[in-house]
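First the structure, in the form of structure tokens, and then the observations on it.
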Amino acid sequence: MVSRPAPASTSLPSESSPPTSEGALPESGRFWRELLEDVRDAVLVQDVGGALRWSNPAARELFGGGRPVLTAEGPDVGHVEHTGRRFPARIRTLPGGWHAWTVTSAVAADGPRVDGFLAASAPRLASARGRHGTAKVIAEVAAAELADCVFVLLPTTRGRWEWWSCDHRTTHGHGRIRRVPAQLAPVLAGTFASTDGLEAKTVPEEEIATLPAIVAERLAAHSSVTVVSLGFDGGAGVTGAVVLGRRGAPAFGEDQPRAVTEFARAAGTALANAHRYARQEEATRGLETTLRPTPPPEVHGAKFDVWYEPSGGLLDVGGDFYDVLPREGGGAMFVLGDVCGKGAEAAALTGRVRQSLAALDLVEHDNTTLLSLLNSLLITGGSGRFATLVLGSVLAGEDGLGVTLASGGHPAPLVVRRRGGVDEITLPGTLVGISPQARFAETAIRLAEGDVCLLYTDGITEARHHERPSDLFGDERLRDLLAGCRGLSGREVVARIRAAVREWLGSGTHDDIAVLAIEASRPVQ
């Protein structure tokens, strides 16, 4: 029997339901339609004329918005064709000459079934993220084709297993259970301990009964329960196991063992990748914690405000940097700089520069000497990279905040006077890390209460306009902006710069940015 394409109607045959006696069920179409809504298999209902009249959610998910064609191959078997693919189906005759078609496998029967299943599973496994997300996807995919109830078990701390389950496309579970001793569950324990090739093993009923109730009760009703390892990861040991409970015949027939083991192999690879990615992410976060500058401390007579925004990448740390280090007896050493290059290598060198200066500051307070020592360290290290930076110190006095500055080829600091005007502090000095003969000079300035000394990297002046990439923010625009900051605090000056530069950049990319504002607070009485 070959049916014609289904019309738009979705009605089911309906009869007046007689009063039900004990043990009887209603005969209305609505009752049976709602009952079939939660059936996991795809079910199609065909009227007496051969037209498709209704489909449950599983069928609509499988066939999308298309119109499958139903073809009988015998009184109770047939296939459903859709987009050139054929799906095996079981046919059951309903009252009034209607028929219910139940698709027995969501994998097309006219192709390489196991290979098709594995190919369809691969993108979902590959796109899963993290240990939790990957284990959940493994359970979902296995429950869709390989079994009626699936548990993914992963070893965790304190002698426990973490589990993820799925026994329907939308029914999930997650938790932790105690590990069962090997003498009580030898098959399961052997699966976790095995480093040999993958093999699906039958779990005896008596072993299932020894498992914690949340697992044992859900698997007890299944005629077949098997377990397969998720493989061995050299860095993490056995990654876990999948327990598969099945009520009926295997979806892949004689190919079921291959489907299970090949899926477990792919799932184990995805889980091992998730483990490795998690370790790499943890290491990355640790590096960020070490390399990323910390907020400036409180320093008597001075207020420090910053804007630090790396350009992005694997590490949320860039080649720009700053530091403020309090000194015994009052005052502090500060530095702002820019290491040549971008990415992880530049970030590593910024960490080295900051750590070197922090160590040198314990034994040396002269700014030019500090720059000379740092220059020698970079050249000796042989990185081939250089840095530009401004280094200085602050010390509060009765007549304001004393600031000494030394530069290694960095843009000149700018001072916003509270009474008006912007001063440029010219500092001669060569790049740090290029030549053993590098020379550095020092100058001293005085900040009255409310004056702000601004240090910045070229991520500000070389910011490109979001519509005209050849137009840079530039030095003049920065000076004009600061000229309008008369009377503002250091925090407000930094906020003005941030707002202006971000508006200039729009949604475009930018280089690393670092700004350090030093404001003189109320002088010592």
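How things are named: the first chain in the structure tokens is A, the next is B, and so on; residues count from 1 in each chain; ligands count from 1 in the order shown.
For Phe321 of chain A, the non-local neighbours within 7 Å, defined as residues at least 6 positions apart in the same chain or in other chains and counting only C-alpha atoms, are A:Pro293, A:Leu336, A:Gly337, A:Asp338, A:Thr350, A:Ala514.
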Keeping only all heavy atoms, write those residues as a short mmCIF file (atom, residue, chain, number, x, y, z; two decimals), in the first residue's frame.
data_model
loop_
_atom_site.label_atom_id
_atom_site.label_comp_id
_atom_site.auth_asym_id
_atom_site.auth_seq_id
_atom_site.Cartn_x
_atom_site.Cartn_y
_atom_site.Cartn_z
N PRO A 293 47.96 43.02 36.18
CA PRO A 293 48.24 44.00 37.23
C PRO A 293 47.11 44.07 38.25
O PRO A 293 45.94 43.85 37.93
CB PRO A 293 48.35 45.32 36.45
CG PRO A 293 48.66 44.93 35.05
CD PRO A 293 47.96 43.62 34.84
N LEU A 336 54.62 52.52 34.30
CA LEU A 336 53.67 52.20 33.24
C LEU A 336 54.48 52.00 31.97
O LEU A 336 55.39 52.79 31.67
CB LEU A 336 52.66 53.33 33.04
CG LEU A 336 51.63 53.08 31.91
CD1 LEU A 336 50.22 53.46 32.36
CD2 LEU A 336 52.00 53.87 30.66
N GLY A 337 54.19 50.90 31.25
CA GLY A 337 55.00 50.61 30.07
C GLY A 337 54.29 49.78 29.02
O GLY A 337 53.12 49.40 29.17
N ASP A 338 55.04 49.49 27.97
CA ASP A 338 54.50 48.79 26.80
C ASP A 338 55.61 47.91 26.26
O ASP A 338 56.67 48.41 25.84
CB ASP A 338 54.06 49.82 25.76
CG ASP A 338 53.46 49.18 24.52
OD1 ASP A 338 53.41 47.95 24.44
OD2 ASP A 338 53.06 49.93 23.61
N THR A 350 55.92 41.04 29.96
CA THR A 350 55.44 42.06 30.90
C THR A 350 55.52 41.54 32.33
O THR A 350 55.89 42.28 33.25
CB THR A 350 53.99 42.50 30.60
OG1 THR A 350 53.10 41.40 30.80
CG2 THR A 350 53.84 43.01 29.20
N ALA A 514 46.68 51.11 28.43
CA ALA A 514 46.94 51.29 29.85
C ALA A 514 47.07 52.77 30.14
O ALA A 514 47.76 53.49 29.43
CB ALA A 514 48.21 50.54 30.27
#
### Message
What parts of segment 211-440 of chain A does DSSP call strand (DSSP E)? I'd like the answer as number ranges by chain.
### Response
A: 224-229, 232-233, 237-238, 241-246, 302-309, 320-326, 332-339, 387-397, 400-408, 414-416, 422-424
### Message
Quick one: residues within 8 Å of Leu219 of chain A, only C-alpha atoms, excluding same-chain residues fewer than 5 positions away - as a PyMOL selection string?
### Response
chain A and resi 149+208+225+245
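Going from atom CA of Thr461 of chain A to atom CA of Leu516 of chain A covers 14.6 Å.
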### Query
Quick one: residues within 12 Å of segment 434-443 of chain A, only C-alpha atoms counted, chain neighbours fewer than 5 positions away excluded, as a ChimeraX atom specification?
/A:340,366-393,402-410,412-413,425-429
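Using only C-alpha atoms, the nearest neighbour of Arg33 of chain A within the list A:Ala396, A:Leu62, A:Ala100, A:Val180 is A:Ala100.
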#### Entry: Long-range neighbours of Glu449 of chain A as JSON, numbers by chain, 7 Å cut-off, only C-alpha atoms, 3 positions minimum in chain
{"A": [400, 520, 521, 522, 523]}
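If you measure from each of A:Val228, A:Leu447, A:Ala266, A:Ala220 to Pro204 of chain A using only C-alpha atoms, the closest one turns out to be A:Ala220.
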### Message
Just want the 6 Å neighbourhood of Cys166 of chain A, counted on only C-alpha atoms, with same-chain residues fewer than 4 positions away dropped. Output as a PyMOL selection string.
### Response
chain A and resi 139-140+149-150+171-172
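Near Ala200 of chain A, within a cut-off of 8 Å and counting only C-alpha atoms, sit the residues Thr226, Val227, Val228, Ser229, Pro257, Val260 and Thr261 of chain A, with same-chain residues fewer than 4 positions away left out.
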### Task
Pick out each residue of segment 286-423 of chain A that DSSP on the backbone tags as helix (DSSP H, G or I); I need them as JSON, numbers by chain.
{"A": [286, 287, 288, 289, 290, 291, 343, 344, 345, 346, 347, 348, 349, 350, 351, 352, 353, 354, 355, 356, 357, 358, 359, 360, 367, 368, 369, 370, 371, 372, 373, 374, 375, 376, 377, 378, 379, 380, 381]}
For the residues in the current selection, export C-alpha atoms as a PDB file, in the first residue's frame.
ATOM      1  CA  GLY A 286      46.442  30.852  36.798  1.00  0.00           C
ATOM      2  CA  LEU A 287      48.773  32.706  34.432  1.00  0.00           C
ATOM      3  CA  GLU A 288      46.298  35.565  34.165  1.00  0.00           C
ATOM      4  CA  THR A 289      46.169  35.852  37.945  1.00  0.00           C
ATOM      5  CA  THR A 290      49.956  36.050  38.071  1.00  0.00           C
ATOM      6  CA  LEU A 291      50.443  38.397  35.111  1.00  0.00           C
ATOM      7  CA  GLY A 343      49.710  37.906  22.761  1.00  0.00           C
ATOM      8  CA  ALA A 344      51.036  35.377  25.240  1.00  0.00           C
ATOM      9  CA  GLU A 345      54.746  36.015  24.536  1.00  0.00           C
ATOM     10  CA  ALA A 346      54.371  39.752  25.142  1.00  0.00           C
ATOM     11  CA  ALA A 347      52.290  39.061  28.268  1.00  0.00           C
ATOM     12  CA  ALA A 348      55.016  36.766  29.588  1.00  0.00           C
ATOM     13  CA  LEU A 349      57.616  39.498  29.127  1.00  0.00           C
ATOM     14  CA  THR A 350      55.442  42.064  30.901  1.00  0.00           C
ATOM     15  CA  GLY A 351      55.301  39.669  33.833  1.00  0.00           C
ATOM     16  CA  ARG A 352      59.058  39.368  33.786  1.00  0.00           C
ATOM     17  CA  VAL A 353      59.518  43.154  33.677  1.00  0.00           C
ATOM     18  CA  ARG A 354      57.089  43.724  36.557  1.00  0.00           C
ATOM     19  CA  GLN A 355      58.649  41.016  38.717  1.00  0.00           C
ATOM     20  CA  SER A 356      62.158  42.285  37.995  1.00  0.00           C
ATOM     21  CA  LEU A 357      61.255  45.858  38.938  1.00  0.00           C
ATOM     22  CA  ALA A 358      59.511  44.690  42.111  1.00  0.00           C
ATOM     23  CA  ALA A 359      62.665  42.800  43.140  1.00  0.00           C
ATOM     24  CA  LEU A 360      65.046  45.618  42.184  1.00  0.00           C
ATOM     25  CA  ASN A 367      64.911  55.711  38.896  1.00  0.00           C
ATOM     26  CA  THR A 368      67.673  55.882  36.275  1.00  0.00           C
ATOM     27  CA  THR A 369      69.600  53.086  38.001  1.00  0.00           C
ATOM     28  CA  LEU A 370      66.472  50.943  38.020  1.00  0.00           C
ATOM     29  CA  LEU A 371      66.037  51.490  34.266  1.00  0.00           C
ATOM     30  CA  SER A 372      69.685  50.643  33.600  1.00  0.00           C
ATOM     31  CA  LEU A 373      69.463  47.414  35.593  1.00  0.00           C
ATOM     32  CA  LEU A 374      66.228  46.437  33.838  1.00  0.00           C
ATOM     33  CA  ASN A 375      67.841  47.180  30.472  1.00  0.00           C
ATOM     34  CA  SER A 376      70.712  44.802  31.293  1.00  0.00           C
ATOM     35  CA  LEU A 377      68.321  42.069  32.450  1.00  0.00           C
ATOM     36  CA  LEU A 378      66.278  42.190  29.234  1.00  0.00           C
ATOM     37  CA  ILE A 379      69.379  42.080  27.037  1.00  0.00           C
ATOM     38  CA  THR A 380      70.865  39.201  29.041  1.00  0.00           C
ATOM     39  CA  GLY A 381      67.575  37.292  28.792  1.00  0.00           C
TER      40      GLY A 381
END
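Taking atom CA of His132 of chain A and atom CA of Ala213 of chain A as the two end points, the separation is 22.2 Å.
For the set A:Gly474, A:Ala448, A:Ala147, A:Pro57, the residue with the smallest atom-to-atom gap to Glu34 of chain A is A:Pro57, counting only C-alpha atoms.
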Wanna dump the segment 241-311 of chain A-segment 479-492 of chain A contacts at 8 Å for me, each residue with its shortest atom pair and the distance in Å to one decimal, counting only C-alpha atoms, ordered by chain and number, as CSV?
residue,atom,partner,partner_atom,distance
A:Lys303,CA,A:Gly490,CA,7.5
A:Phe304,CA,A:Gly490,CA,7.3
A:Asp305,CA,A:Arg491,CA,5.6
A:Val306,CA,A:Arg491,CA,7.9
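Note that atom CA of Arg113 of chain A and atom CA of Asp255 of chain A are 8.7 Å apart.
Distances from A:Ser165, A:Arg477, A:Asp512, A:Phe334 to Leu455 of chain A were compared using only C-alpha atoms, and the smallest one belongs to A:Phe334.
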